[in-house]
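To start, the structure under review is shown below, and the notes come after it.
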Amino acid sequence: MGKVIKPPTQEEMRDLTSLLSSGEPYEILGCDPSSTHKDITKGYRDLARRHHPDKQQHNGNHKNDGGDMMTKINNAYKILSNQRLRDIYDVYLLPRMMDDGDGDIDGYSVVQEAKFNRVMLIFLDLLFNIVSIPFKTIAISIQSNSTIAKPIPALKSMIKRHGFFKGLYRGTAFLLSSSILELIREKSIDISFEFIDSITQASSPSKENDSIINNRKVQMILKSFFNITTKALLNFPIRMIGNILILSPPGYNAFRVIKDVILRYDRATTGNIIMNIGNGRAPSIQWKNLFYSFGYSLAIVYTKKLILKGLKEIDNHVYVHSIKDPNSKFYRYSNYLLSNTLFRVALQTILVNPFDVLHSQYPRILLDSWLQDSIPVPIAQNPISLAIGLYRSNGIAKFFNGVTPLFFCRVFEDFGEQCNFDDTDSDDDFFA
């Protein structure tokens, strides 16, 4: 699947068409689509020094050839040095120019084609994510088990308890409906900081002094901090509820999971009546269970993110060196493997599955404590103690239990990410 970008606007197409009137940018700068930004800049500087009008006159050339050539060089560099314009050119225009051969560009048809492609990509992104959900559900069911479980028996058990569709997509409706809260959160932060920014601008004159610039930097840092913090605080309870819903026995819906398993509402209210009669002390509603194991889960999730980010850096390093040193067998074969979706996803899955196994233990512990009528809720173990306990009970194999369904889940999610043209980081889903 080729590179996916946000479709161009009419204004971007007009600017690009105007710049392309000077000629094909890669040909002018002596580069090709695989050239890096450093290669393009080097080619531009070499040509600019050679064809600068002052140097042409110094060499006895009094015609305007140097000026015309510099216009072509500058226009080509404006396209290729601007990542957005280069992406539009590479994805939408270069293939069409190579096919047509005449170099004519119909900006309107390109934009319309881009809009159609956008709709199709949204549909494919949604389709791949829908297909990935059952594999994610099976993976969570297997990983959270205190013993080693197999995918097929786990699948049969889920279907037997909940039915085919409800079993495979259990908890999905709740997670989708909770996305409304995420939209409200994002809009609230944007509106709040726009209001703060408007107050800052109104209280300060239009001059751009150092204090105003520093205030804006502080606002950007604060906005980033509040965005990360509120996202974590909102997503953690939602994911906890969704995972418990997947693991819960028949008859449990999202409302009952929140009321009984997490808040222990019935036990608290019933206990109030009994304890009041006996002048005892009743158990209170367990609001803190909404953030059960929050700190430990945060550590696990960020460790996963660091691993995935490290793999991405290795992938970029190998790709760059495979271009710089095409004769190196190590970089050539490594780039071939890492560019293969199945190999890359398999490597990611093997590395993150142990952390998913640890992370999924916490909702299981919370659910089991309710089903076994355990009072109080067990204190959340730190991930190291949890890992030692799992290793002693099941051996190293437990940390790779569920790797098969998780692999298929990540394959379809990866296909969906390739269809996603948004600029946001796809791995920014906390506690997924």
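Labeling convention for the structure tokens: chains A, B, ... as they appear, residues from 1 per chain, ligands from 1 in order of appearance.
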Compile the contact shell of Asn401 (chain A) as a short mmCIF file (atom, residue, chain, number, x, y, z; two decimals) with N, CA and C atoms, in the first residue's frame: residues with an atom at most 10 Å away, counting only C-alpha atoms, same-chain residues fewer than 6 positions apart removed.
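Once everything was written out, this is part19.cif:
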```cif
data_model
loop_
_atom_site.label_atom_id
_atom_site.label_comp_id
_atom_site.auth_asym_id
_atom_site.auth_seq_id
_atom_site.Cartn_x
_atom_site.Cartn_y
_atom_site.Cartn_z
N ALA A 139 -7.51 -12.17 22.39
CA ALA A 139 -6.19 -11.96 22.98
C ALA A 139 -6.32 -11.54 24.45
N ILE A 142 -7.34 -14.47 26.64
CA ILE A 142 -6.25 -15.42 26.86
C ILE A 142 -5.18 -14.83 27.77
N GLN A 143 -4.78 -13.59 27.50
CA GLN A 143 -3.69 -12.96 28.24
C GLN A 143 -4.05 -12.77 29.72
N SER A 144 -5.30 -12.46 30.00
CA SER A 144 -5.71 -12.18 31.38
C SER A 144 -5.85 -13.44 32.22
N ASN A 145 -5.91 -14.60 31.56
CA ASN A 145 -6.06 -15.85 32.29
C ASN A 145 -4.83 -16.12 33.14
N THR A 147 -3.70 -18.91 33.93
CA THR A 147 -2.99 -20.09 33.39
C THR A 147 -2.83 -19.93 31.89
N ILE A 148 -2.11 -20.85 31.28
CA ILE A 148 -1.91 -20.80 29.83
C ILE A 148 -3.18 -21.30 29.13
N ALA A 149 -3.72 -20.48 28.25
CA ALA A 149 -4.93 -20.83 27.50
C ALA A 149 -4.63 -20.87 26.02
N LYS A 150 -5.46 -21.59 25.27
CA LYS A 150 -5.28 -21.70 23.83
C LYS A 150 -6.39 -20.93 23.11
N PRO A 151 -6.08 -20.39 21.91
CA PRO A 151 -7.05 -19.52 21.22
C PRO A 151 -8.37 -20.20 20.88
N ASN A 353 3.80 -8.38 23.66
CA ASN A 353 2.85 -9.32 24.25
C ASN A 353 3.08 -9.56 25.74
N PRO A 354 4.34 -9.70 26.21
CA PRO A 354 4.53 -9.86 27.66
C PRO A 354 3.96 -8.70 28.48
N ASP A 356 1.39 -6.81 27.55
CA ASP A 356 -0.07 -6.94 27.47
C ASP A 356 -0.57 -7.98 28.47
N VAL A 357 0.21 -9.06 28.63
CA VAL A 357 -0.16 -10.10 29.60
C VAL A 357 -0.21 -9.51 31.01
#
```
Please identify which residues in region 129-268 of chain A DSSP calls helix (DSSP H, G or I) from the backbone, and express them as a compact mmCIF listing (two decimals) with N, CA, C and O atoms, in the first residue's frame.
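Everything below was put into selection_5.txt:
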```
# COMPACT_ATOMS: atom_id res chain seq x y z
N ASN A 129 -10.42 -2.07 11.16
CA ASN A 129 -10.54 -2.00 12.62
C ASN A 129 -11.68 -2.88 13.13
O ASN A 129 -11.57 -3.47 14.22
N ILE A 130 -12.77 -2.98 12.37
CA ILE A 130 -13.88 -3.86 12.76
C ILE A 130 -13.42 -5.32 12.75
O ILE A 130 -13.74 -6.10 13.66
N VAL A 131 -12.66 -5.69 11.72
CA VAL A 131 -12.16 -7.06 11.62
C VAL A 131 -11.17 -7.38 12.74
O VAL A 131 -11.08 -8.51 13.21
N SER A 132 -10.41 -6.36 13.20
CA SER A 132 -9.40 -6.60 14.23
C SER A 132 -9.99 -6.82 15.62
O SER A 132 -9.34 -7.43 16.48
N ILE A 133 -11.22 -6.35 15.86
CA ILE A 133 -11.80 -6.39 17.21
C ILE A 133 -11.93 -7.80 17.77
O ILE A 133 -11.55 -8.05 18.92
N PRO A 134 -12.47 -8.79 17.01
CA PRO A 134 -12.57 -10.15 17.59
C PRO A 134 -11.21 -10.72 18.01
O PRO A 134 -11.13 -11.38 19.05
N PHE A 135 -10.17 -10.47 17.24
CA PHE A 135 -8.84 -10.97 17.61
C PHE A 135 -8.35 -10.30 18.89
O PHE A 135 -7.72 -10.94 19.73
N LYS A 136 -8.64 -9.00 19.04
CA LYS A 136 -8.28 -8.29 20.26
C LYS A 136 -9.03 -8.86 21.46
O LYS A 136 -8.45 -9.04 22.54
N THR A 137 -10.30 -9.16 21.28
CA THR A 137 -11.12 -9.73 22.35
C THR A 137 -10.58 -11.08 22.80
O THR A 137 -10.46 -11.36 24.00
N ILE A 138 -10.24 -11.93 21.83
CA ILE A 138 -9.68 -13.26 22.16
C ILE A 138 -8.34 -13.11 22.86
O ILE A 138 -8.05 -13.81 23.84
N ALA A 139 -7.51 -12.17 22.39
CA ALA A 139 -6.19 -11.96 22.98
C ALA A 139 -6.32 -11.54 24.45
O ALA A 139 -5.62 -12.05 25.32
N ILE A 140 -7.24 -10.60 24.74
CA ILE A 140 -7.43 -10.14 26.12
C ILE A 140 -7.91 -11.29 27.00
O ILE A 140 -7.45 -11.46 28.15
N SER A 141 -8.83 -12.09 26.49
CA SER A 141 -9.35 -13.22 27.25
C SER A 141 -8.25 -14.22 27.59
O SER A 141 -8.19 -14.74 28.71
N ILE A 142 -7.34 -14.47 26.64
CA ILE A 142 -6.25 -15.42 26.86
C ILE A 142 -5.18 -14.83 27.77
O ILE A 142 -4.71 -15.47 28.72
N GLN A 143 -4.78 -13.59 27.50
CA GLN A 143 -3.69 -12.96 28.24
C GLN A 143 -4.05 -12.77 29.72
O GLN A 143 -3.18 -12.88 30.59
N PRO A 151 -6.08 -20.39 21.91
CA PRO A 151 -7.05 -19.52 21.22
C PRO A 151 -8.37 -20.20 20.88
O PRO A 151 -9.44 -19.62 21.12
N ILE A 152 -8.32 -21.42 20.33
CA ILE A 152 -9.56 -22.07 19.88
C ILE A 152 -10.49 -22.39 21.04
O ILE A 152 -11.69 -22.05 20.99
N PRO A 153 -10.01 -23.02 22.12
CA PRO A 153 -10.91 -23.23 23.27
C PRO A 153 -11.44 -21.93 23.86
O PRO A 153 -12.60 -21.86 24.29
N ALA A 154 -10.59 -20.89 23.88
CA ALA A 154 -11.05 -19.59 24.41
C ALA A 154 -12.15 -19.01 23.53
O ALA A 154 -13.14 -18.46 24.03
N LEU A 155 -12.01 -19.15 22.21
CA LEU A 155 -13.03 -18.67 21.27
C LEU A 155 -14.34 -19.43 21.46
O LEU A 155 -15.42 -18.82 21.52
N LYS A 156 -14.26 -20.75 21.57
CA LYS A 156 -15.46 -21.56 21.75
C LYS A 156 -16.16 -21.21 23.06
O LYS A 156 -17.39 -21.16 23.12
N SER A 157 -15.36 -20.97 24.10
CA SER A 157 -15.95 -20.63 25.40
C SER A 157 -16.69 -19.30 25.34
O SER A 157 -17.79 -19.16 25.89
N MET A 158 -16.12 -18.31 24.66
CA MET A 158 -16.76 -17.00 24.54
C MET A 158 -18.06 -17.10 23.76
O MET A 158 -19.07 -16.49 24.13
N ILE A 159 -18.03 -17.84 22.67
CA ILE A 159 -19.24 -17.99 21.84
C ILE A 159 -20.32 -18.75 22.61
O ILE A 159 -21.51 -18.42 22.53
N LYS A 160 -19.91 -19.75 23.37
CA LYS A 160 -20.88 -20.55 24.13
C LYS A 160 -21.54 -19.71 25.22
O LYS A 160 -22.74 -19.84 25.49
N ARG A 161 -20.76 -18.83 25.87
CA ARG A 161 -21.29 -18.03 26.98
C ARG A 161 -22.14 -16.85 26.52
O ARG A 161 -23.15 -16.52 27.11
N HIS A 162 -21.70 -16.20 25.42
CA HIS A 162 -22.34 -14.94 25.02
C HIS A 162 -23.00 -14.96 23.65
O HIS A 162 -23.68 -14.01 23.29
N PHE A 164 -22.31 -15.75 19.27
CA PHE A 164 -21.22 -15.48 18.33
C PHE A 164 -20.89 -13.99 18.26
O PHE A 164 -19.76 -13.57 18.56
N PHE A 165 -21.87 -13.18 17.88
CA PHE A 165 -21.59 -11.76 17.68
C PHE A 165 -21.28 -11.06 19.00
O PHE A 165 -20.30 -10.31 19.10
N LYS A 166 -22.10 -11.30 20.02
CA LYS A 166 -21.87 -10.63 21.31
C LYS A 166 -20.56 -11.07 21.95
O LYS A 166 -19.91 -10.30 22.64
N GLY A 167 -20.20 -12.33 21.70
CA GLY A 167 -18.96 -12.82 22.27
C GLY A 167 -17.74 -12.17 21.65
O GLY A 167 -16.82 -11.76 22.35
N LEU A 168 -17.73 -12.07 20.32
CA LEU A 168 -16.56 -11.53 19.62
C LEU A 168 -16.47 -10.01 19.71
O LEU A 168 -15.37 -9.46 19.65
N THR A 172 -17.54 -3.61 22.68
CA THR A 172 -17.25 -2.68 21.59
C THR A 172 -18.20 -1.49 21.60
O THR A 172 -17.79 -0.35 21.40
N ALA A 173 -19.50 -1.76 21.81
CA ALA A 173 -20.49 -0.68 21.81
C ALA A 173 -20.17 0.34 22.91
O ALA A 173 -20.29 1.56 22.69
N PHE A 174 -19.75 -0.15 24.08
CA PHE A 174 -19.41 0.76 25.17
C PHE A 174 -18.21 1.63 24.80
O PHE A 174 -18.22 2.84 25.04
N LEU A 175 -17.17 1.01 24.22
CA LEU A 175 -15.98 1.77 23.87
C LEU A 175 -16.27 2.80 22.77
O LEU A 175 -15.73 3.91 22.79
N LEU A 176 -17.14 2.43 21.82
CA LEU A 176 -17.49 3.37 20.75
C LEU A 176 -18.30 4.54 21.30
O LEU A 176 -18.07 5.70 20.92
N SER A 177 -19.24 4.24 22.19
CA SER A 177 -20.07 5.32 22.76
C SER A 177 -19.23 6.24 23.64
O SER A 177 -19.49 7.45 23.72
N SER A 179 -16.36 7.24 23.01
CA SER A 179 -15.55 8.13 22.16
C SER A 179 -16.15 9.54 22.13
O SER A 179 -15.45 10.51 21.82
N ILE A 180 -17.45 9.65 22.45
CA ILE A 180 -18.08 10.98 22.55
C ILE A 180 -17.41 11.80 23.64
O ILE A 180 -17.18 13.00 23.49
N LEU A 181 -17.08 11.14 24.76
CA LEU A 181 -16.39 11.83 25.85
C LEU A 181 -15.01 12.32 25.40
O LEU A 181 -14.56 13.40 25.82
N GLU A 182 -14.36 11.54 24.57
CA GLU A 182 -13.05 11.95 24.06
C GLU A 182 -13.16 13.20 23.19
O GLU A 182 -12.33 14.11 23.27
N LEU A 183 -14.20 13.27 22.36
CA LEU A 183 -14.42 14.45 21.53
C LEU A 183 -14.69 15.67 22.40
O LEU A 183 -14.18 16.77 22.13
N ILE A 184 -15.51 15.48 23.44
CA ILE A 184 -15.80 16.59 24.37
C ILE A 184 -14.52 17.06 25.05
O ILE A 184 -14.28 18.26 25.22
N ARG A 185 -13.68 16.11 25.45
CA ARG A 185 -12.41 16.45 26.11
C ARG A 185 -11.52 17.29 25.19
O ARG A 185 -10.97 18.33 25.58
N GLU A 186 -11.36 16.84 23.94
CA GLU A 186 -10.51 17.55 22.99
C GLU A 186 -11.03 18.97 22.73
O GLU A 186 -10.26 19.94 22.73
N LYS A 187 -12.33 19.08 22.51
CA LYS A 187 -12.91 20.40 22.24
C LYS A 187 -12.81 21.32 23.45
O LYS A 187 -12.56 22.53 23.30
N SER A 188 -12.98 20.77 24.64
CA SER A 188 -12.90 21.58 25.85
C SER A 188 -11.50 22.16 26.02
O SER A 188 -11.35 23.34 26.36
N ILE A 189 -10.48 21.36 25.76
CA ILE A 189 -9.10 21.84 25.88
C ILE A 189 -8.83 22.91 24.83
O ILE A 189 -8.23 23.95 25.13
N ASP A 190 -9.27 22.67 23.59
CA ASP A 190 -9.05 23.65 22.52
C ASP A 190 -9.73 24.98 22.83
O ASP A 190 -9.12 26.05 22.71
N ILE A 191 -11.00 24.92 23.27
CA ILE A 191 -11.74 26.14 23.58
C ILE A 191 -11.11 26.88 24.76
O ILE A 191 -10.99 28.11 24.75
N SER A 192 -10.69 26.13 25.78
CA SER A 192 -10.09 26.75 26.97
C SER A 192 -8.82 27.51 26.61
O SER A 192 -8.63 28.67 27.03
N PHE A 193 -7.96 26.90 25.82
CA PHE A 193 -6.70 27.55 25.49
C PHE A 193 -6.88 28.65 24.44
O PHE A 193 -6.10 29.60 24.40
N GLU A 194 -7.89 28.53 23.59
CA GLU A 194 -8.20 29.64 22.68
C GLU A 194 -8.67 30.86 23.48
O GLU A 194 -8.32 32.00 23.16
N PHE A 195 -9.46 30.61 24.53
CA PHE A 195 -9.93 31.70 25.39
C PHE A 195 -8.76 32.35 26.13
O PHE A 195 -8.66 33.58 26.20
N ILE A 196 -7.84 31.51 26.65
CA ILE A 196 -6.66 32.05 27.33
C ILE A 196 -5.80 32.85 26.37
O ILE A 196 -5.29 33.93 26.70
N ASP A 197 -5.65 32.34 25.15
CA ASP A 197 -4.85 33.04 24.14
C ASP A 197 -5.47 34.38 23.76
O ASP A 197 -4.77 35.37 23.57
N SER A 198 -6.81 34.42 23.65
CA SER A 198 -7.48 35.67 23.30
C SER A 198 -7.32 36.71 24.41
O SER A 198 -7.15 37.90 24.14
N ILE A 199 -7.36 36.26 25.66
CA ILE A 199 -7.16 37.18 26.79
C ILE A 199 -5.74 37.73 26.77
O ILE A 199 -5.51 38.92 26.99
N THR A 200 -4.78 36.85 26.48
CA THR A 200 -3.37 37.27 26.44
C THR A 200 -3.14 38.31 25.35
O THR A 200 -2.46 39.32 25.55
N GLN A 201 -3.75 38.07 24.18
CA GLN A 201 -3.57 39.01 23.07
C GLN A 201 -4.27 40.34 23.35
O GLN A 201 -3.78 41.40 23.00
N ALA A 202 -5.43 40.26 24.02
CA ALA A 202 -6.18 41.49 24.31
C ALA A 202 -5.46 42.35 25.36
O ALA A 202 -5.51 43.58 25.30
N SER A 203 -4.80 41.69 26.30
CA SER A 203 -4.12 42.43 27.36
C SER A 203 -2.74 42.94 26.94
O SER A 203 -2.13 43.71 27.66
N ASP A 210 9.53 39.62 23.49
CA ASP A 210 9.98 38.33 24.01
C ASP A 210 9.01 37.74 25.02
O ASP A 210 8.81 36.52 25.08
N SER A 211 8.38 38.60 25.84
CA SER A 211 7.47 38.09 26.87
C SER A 211 6.25 37.41 26.25
O SER A 211 5.77 36.39 26.75
N ILE A 212 5.73 37.98 25.15
CA ILE A 212 4.57 37.38 24.49
C ILE A 212 4.95 36.03 23.89
O ILE A 212 4.20 35.05 24.00
N ILE A 213 6.12 35.97 23.26
CA ILE A 213 6.58 34.71 22.67
C ILE A 213 6.77 33.65 23.75
O ILE A 213 6.39 32.49 23.58
N ASN A 214 7.36 34.06 24.89
CA ASN A 214 7.56 33.13 25.99
C ASN A 214 6.22 32.64 26.56
O ASN A 214 6.07 31.47 26.91
N ASN A 215 5.23 33.56 26.64
CA ASN A 215 3.91 33.16 27.12
C ASN A 215 3.28 32.11 26.21
O ASN A 215 2.64 31.17 26.68
N ARG A 216 3.46 32.28 24.92
CA ARG A 216 2.88 31.31 23.97
C ARG A 216 3.58 29.96 24.09
O ARG A 216 2.94 28.90 23.97
N LYS A 217 4.88 29.97 24.33
CA LYS A 217 5.60 28.71 24.53
C LYS A 217 5.09 28.01 25.79
O LYS A 217 4.89 26.79 25.79
N VAL A 218 4.88 28.78 26.85
CA VAL A 218 4.36 28.21 28.09
C VAL A 218 2.96 27.63 27.86
O VAL A 218 2.63 26.55 28.35
N GLN A 219 2.13 28.35 27.08
CA GLN A 219 0.78 27.86 26.78
C GLN A 219 0.83 26.55 26.01
O GLN A 219 0.04 25.63 26.27
N MET A 220 1.76 26.45 25.06
CA MET A 220 1.88 25.21 24.27
C MET A 220 2.30 24.05 25.17
O MET A 220 1.78 22.93 25.04
N ILE A 221 3.23 24.31 26.10
CA ILE A 221 3.67 23.26 27.02
C ILE A 221 2.51 22.83 27.93
O ILE A 221 2.27 21.64 28.15
N LEU A 222 1.77 23.83 28.46
CA LEU A 222 0.64 23.52 29.33
C LEU A 222 -0.45 22.76 28.59
O LEU A 222 -1.05 21.82 29.13
N LYS A 223 -0.70 23.16 27.35
CA LYS A 223 -1.73 22.48 26.56
C LYS A 223 -1.35 21.03 26.33
O LYS A 223 -2.18 20.12 26.43
N SER A 224 -0.08 20.81 26.00
CA SER A 224 0.39 19.43 25.80
C SER A 224 0.27 18.62 27.08
O SER A 224 -0.16 17.46 27.06
N PHE A 225 0.63 19.25 28.22
CA PHE A 225 0.55 18.56 29.51
C PHE A 225 -0.90 18.20 29.85
O PHE A 225 -1.19 17.06 30.24
N PHE A 226 -1.81 19.17 29.71
CA PHE A 226 -3.22 18.91 30.02
C PHE A 226 -3.82 17.89 29.06
O PHE A 226 -4.66 17.08 29.45
N ASN A 227 -3.40 17.93 27.80
CA ASN A 227 -3.91 16.98 26.82
C ASN A 227 -3.52 15.55 27.20
O ASN A 227 -4.37 14.65 27.22
N ILE A 228 -2.24 15.34 27.54
CA ILE A 228 -1.77 14.01 27.91
C ILE A 228 -2.41 13.54 29.23
O ILE A 228 -2.88 12.40 29.34
N THR A 229 -2.47 14.45 30.20
CA THR A 229 -3.00 14.09 31.52
C THR A 229 -4.48 13.74 31.46
O THR A 229 -4.91 12.69 31.97
N THR A 230 -5.26 14.61 30.84
CA THR A 230 -6.72 14.36 30.78
C THR A 230 -7.04 13.15 29.93
O THR A 230 -7.99 12.42 30.22
N LYS A 231 -6.23 12.91 28.89
CA LYS A 231 -6.46 11.73 28.05
C LYS A 231 -6.22 10.45 28.84
O LYS A 231 -6.99 9.49 28.75
N ALA A 232 -5.15 10.45 29.64
CA ALA A 232 -4.86 9.28 30.46
C ALA A 232 -5.94 9.06 31.52
O ALA A 232 -6.41 7.94 31.74
N LEU A 233 -6.36 10.16 32.18
CA LEU A 233 -7.37 10.05 33.24
C LEU A 233 -8.73 9.61 32.70
O LEU A 233 -9.50 8.94 33.39
N LEU A 234 -9.04 10.00 31.46
CA LEU A 234 -10.32 9.62 30.86
C LEU A 234 -10.27 8.20 30.30
O LEU A 234 -11.18 7.40 30.51
N ASN A 235 -9.20 7.88 29.59
CA ASN A 235 -9.13 6.60 28.89
C ASN A 235 -8.93 5.42 29.83
O ASN A 235 -9.38 4.31 29.54
N PHE A 236 -8.24 5.64 30.95
CA PHE A 236 -7.95 4.49 31.81
C PHE A 236 -9.23 3.83 32.35
O PHE A 236 -9.39 2.61 32.22
N PRO A 237 -10.16 4.58 32.99
CA PRO A 237 -11.39 3.91 33.47
C PRO A 237 -12.20 3.28 32.34
O PRO A 237 -12.78 2.20 32.51
N ILE A 238 -12.21 3.95 31.19
CA ILE A 238 -12.98 3.41 30.05
C ILE A 238 -12.41 2.08 29.61
O ILE A 238 -13.15 1.11 29.37
N ARG A 239 -11.08 2.00 29.47
CA ARG A 239 -10.45 0.74 29.06
C ARG A 239 -10.62 -0.33 30.12
O ARG A 239 -10.80 -1.51 29.81
N MET A 240 -10.53 0.06 31.39
CA MET A 240 -10.72 -0.91 32.48
C MET A 240 -12.13 -1.50 32.43
O MET A 240 -12.32 -2.72 32.54
N ILE A 241 -13.13 -0.64 32.26
CA ILE A 241 -14.52 -1.11 32.17
C ILE A 241 -14.70 -2.01 30.96
O ILE A 241 -15.33 -3.08 31.05
N GLY A 242 -14.14 -1.61 29.81
CA GLY A 242 -14.27 -2.41 28.59
C GLY A 242 -13.63 -3.78 28.74
O GLY A 242 -14.20 -4.79 28.30
N ASN A 243 -12.45 -3.85 29.35
CA ASN A 243 -11.76 -5.14 29.52
C ASN A 243 -12.50 -6.04 30.50
O ASN A 243 -12.59 -7.25 30.28
N ILE A 244 -13.02 -5.46 31.59
CA ILE A 244 -13.79 -6.26 32.53
C ILE A 244 -15.06 -6.78 31.86
O ILE A 244 -15.48 -7.92 32.10
N LEU A 245 -15.66 -5.97 31.02
CA LEU A 245 -16.87 -6.39 30.30
C LEU A 245 -16.57 -7.59 29.40
O LEU A 245 -17.40 -8.51 29.27
N ILE A 246 -15.40 -7.60 28.77
CA ILE A 246 -15.00 -8.73 27.93
C ILE A 246 -14.86 -10.00 28.75
O ILE A 246 -15.26 -11.09 28.33
N LEU A 247 -14.32 -9.87 29.95
CA LEU A 247 -14.02 -11.04 30.79
C LEU A 247 -15.20 -11.48 31.64
O LEU A 247 -15.19 -12.60 32.16
N ALA A 254 -22.40 -3.03 30.71
CA ALA A 254 -21.48 -1.98 31.15
C ALA A 254 -21.95 -1.34 32.45
O ALA A 254 -21.14 -1.06 33.35
N PHE A 255 -23.26 -1.13 32.56
CA PHE A 255 -23.80 -0.49 33.77
C PHE A 255 -23.55 -1.36 35.01
O PHE A 255 -23.14 -0.87 36.06
N ARG A 256 -23.76 -2.66 34.87
CA ARG A 256 -23.57 -3.56 36.02
C ARG A 256 -22.08 -3.67 36.38
O ARG A 256 -21.74 -3.79 37.56
N VAL A 257 -21.22 -3.67 35.36
CA VAL A 257 -19.77 -3.72 35.62
C VAL A 257 -19.35 -2.50 36.44
O VAL A 257 -18.60 -2.61 37.42
N ILE A 258 -19.83 -1.32 36.05
CA ILE A 258 -19.48 -0.09 36.77
C ILE A 258 -20.05 -0.12 38.19
O ILE A 258 -19.34 0.16 39.16
N LYS A 259 -21.33 -0.47 38.29
CA LYS A 259 -22.04 -0.39 39.58
C LYS A 259 -21.56 -1.45 40.57
O LYS A 259 -21.32 -1.14 41.74
N ASP A 260 -21.41 -2.69 40.09
CA ASP A 260 -21.11 -3.80 41.00
C ASP A 260 -19.61 -4.11 41.09
O ASP A 260 -19.02 -4.09 42.15
N VAL A 261 -19.01 -4.41 39.93
CA VAL A 261 -17.62 -4.89 39.92
C VAL A 261 -16.65 -3.79 40.36
O VAL A 261 -15.73 -4.05 41.14
N ILE A 262 -16.87 -2.57 39.88
CA ILE A 262 -15.91 -1.50 40.17
C ILE A 262 -16.30 -0.70 41.41
O ILE A 262 -15.54 -0.61 42.37
N TYR A 265 -21.39 -0.90 44.50
CA TYR A 265 -22.48 -0.06 45.01
C TYR A 265 -23.47 -0.86 45.86
O TYR A 265 -23.83 -0.44 46.96
N ASP A 266 -23.92 -2.01 45.33
CA ASP A 266 -24.92 -2.81 46.06
C ASP A 266 -24.38 -3.26 47.41
O ASP A 266 -25.09 -3.25 48.41
N ARG A 267 -23.12 -3.68 47.42
CA ARG A 267 -22.52 -4.15 48.67
C ARG A 267 -22.42 -3.01 49.69
O ARG A 267 -22.63 -3.20 50.87
N ALA A 268 -22.11 -1.82 49.18
CA ALA A 268 -21.97 -0.67 50.08
C ALA A 268 -23.33 -0.26 50.65
O ALA A 268 -23.46 -0.01 51.85
```
I want to know what sits within 10 Å of region 15-19 of chain A, based on only C-alpha atoms, with residues of the same chain fewer than 5 positions away left out; could you give that as a PyMOL selection string?
chain A and resi 10+24-25+71-72+74-79+85-86+88-89+93+104-107
Could you please determine the separation between CA of Ala299 (chain A) and CA of Arg364 (chain A) in Å, to one decimal place?
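Computed distance, CA of Ala299 (chain A) to CA of Arg364 (chain A), equals 18.3 Å.
Contact shell of Thr349 (chain A) at 8 Å (only C-alpha atoms; same-chain neighbours under 2 positions omitted): Val345, Ala346, Leu347, Leu351, Val352, Asn353, Val403, Leu406, Phe407 and Arg410 of chain A.
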In terms of the shortest atom-to-atom distance over only C-alpha atoms, which of A:Ser322, A:Asn382, A:Ile350, A:Leu20 is closest to Pro405 (chain A)?
A:Ile350
As a check of understanding: the span from CA of Phe343 (chain A) to CA of Phe408 (chain A) is 12.0 Å
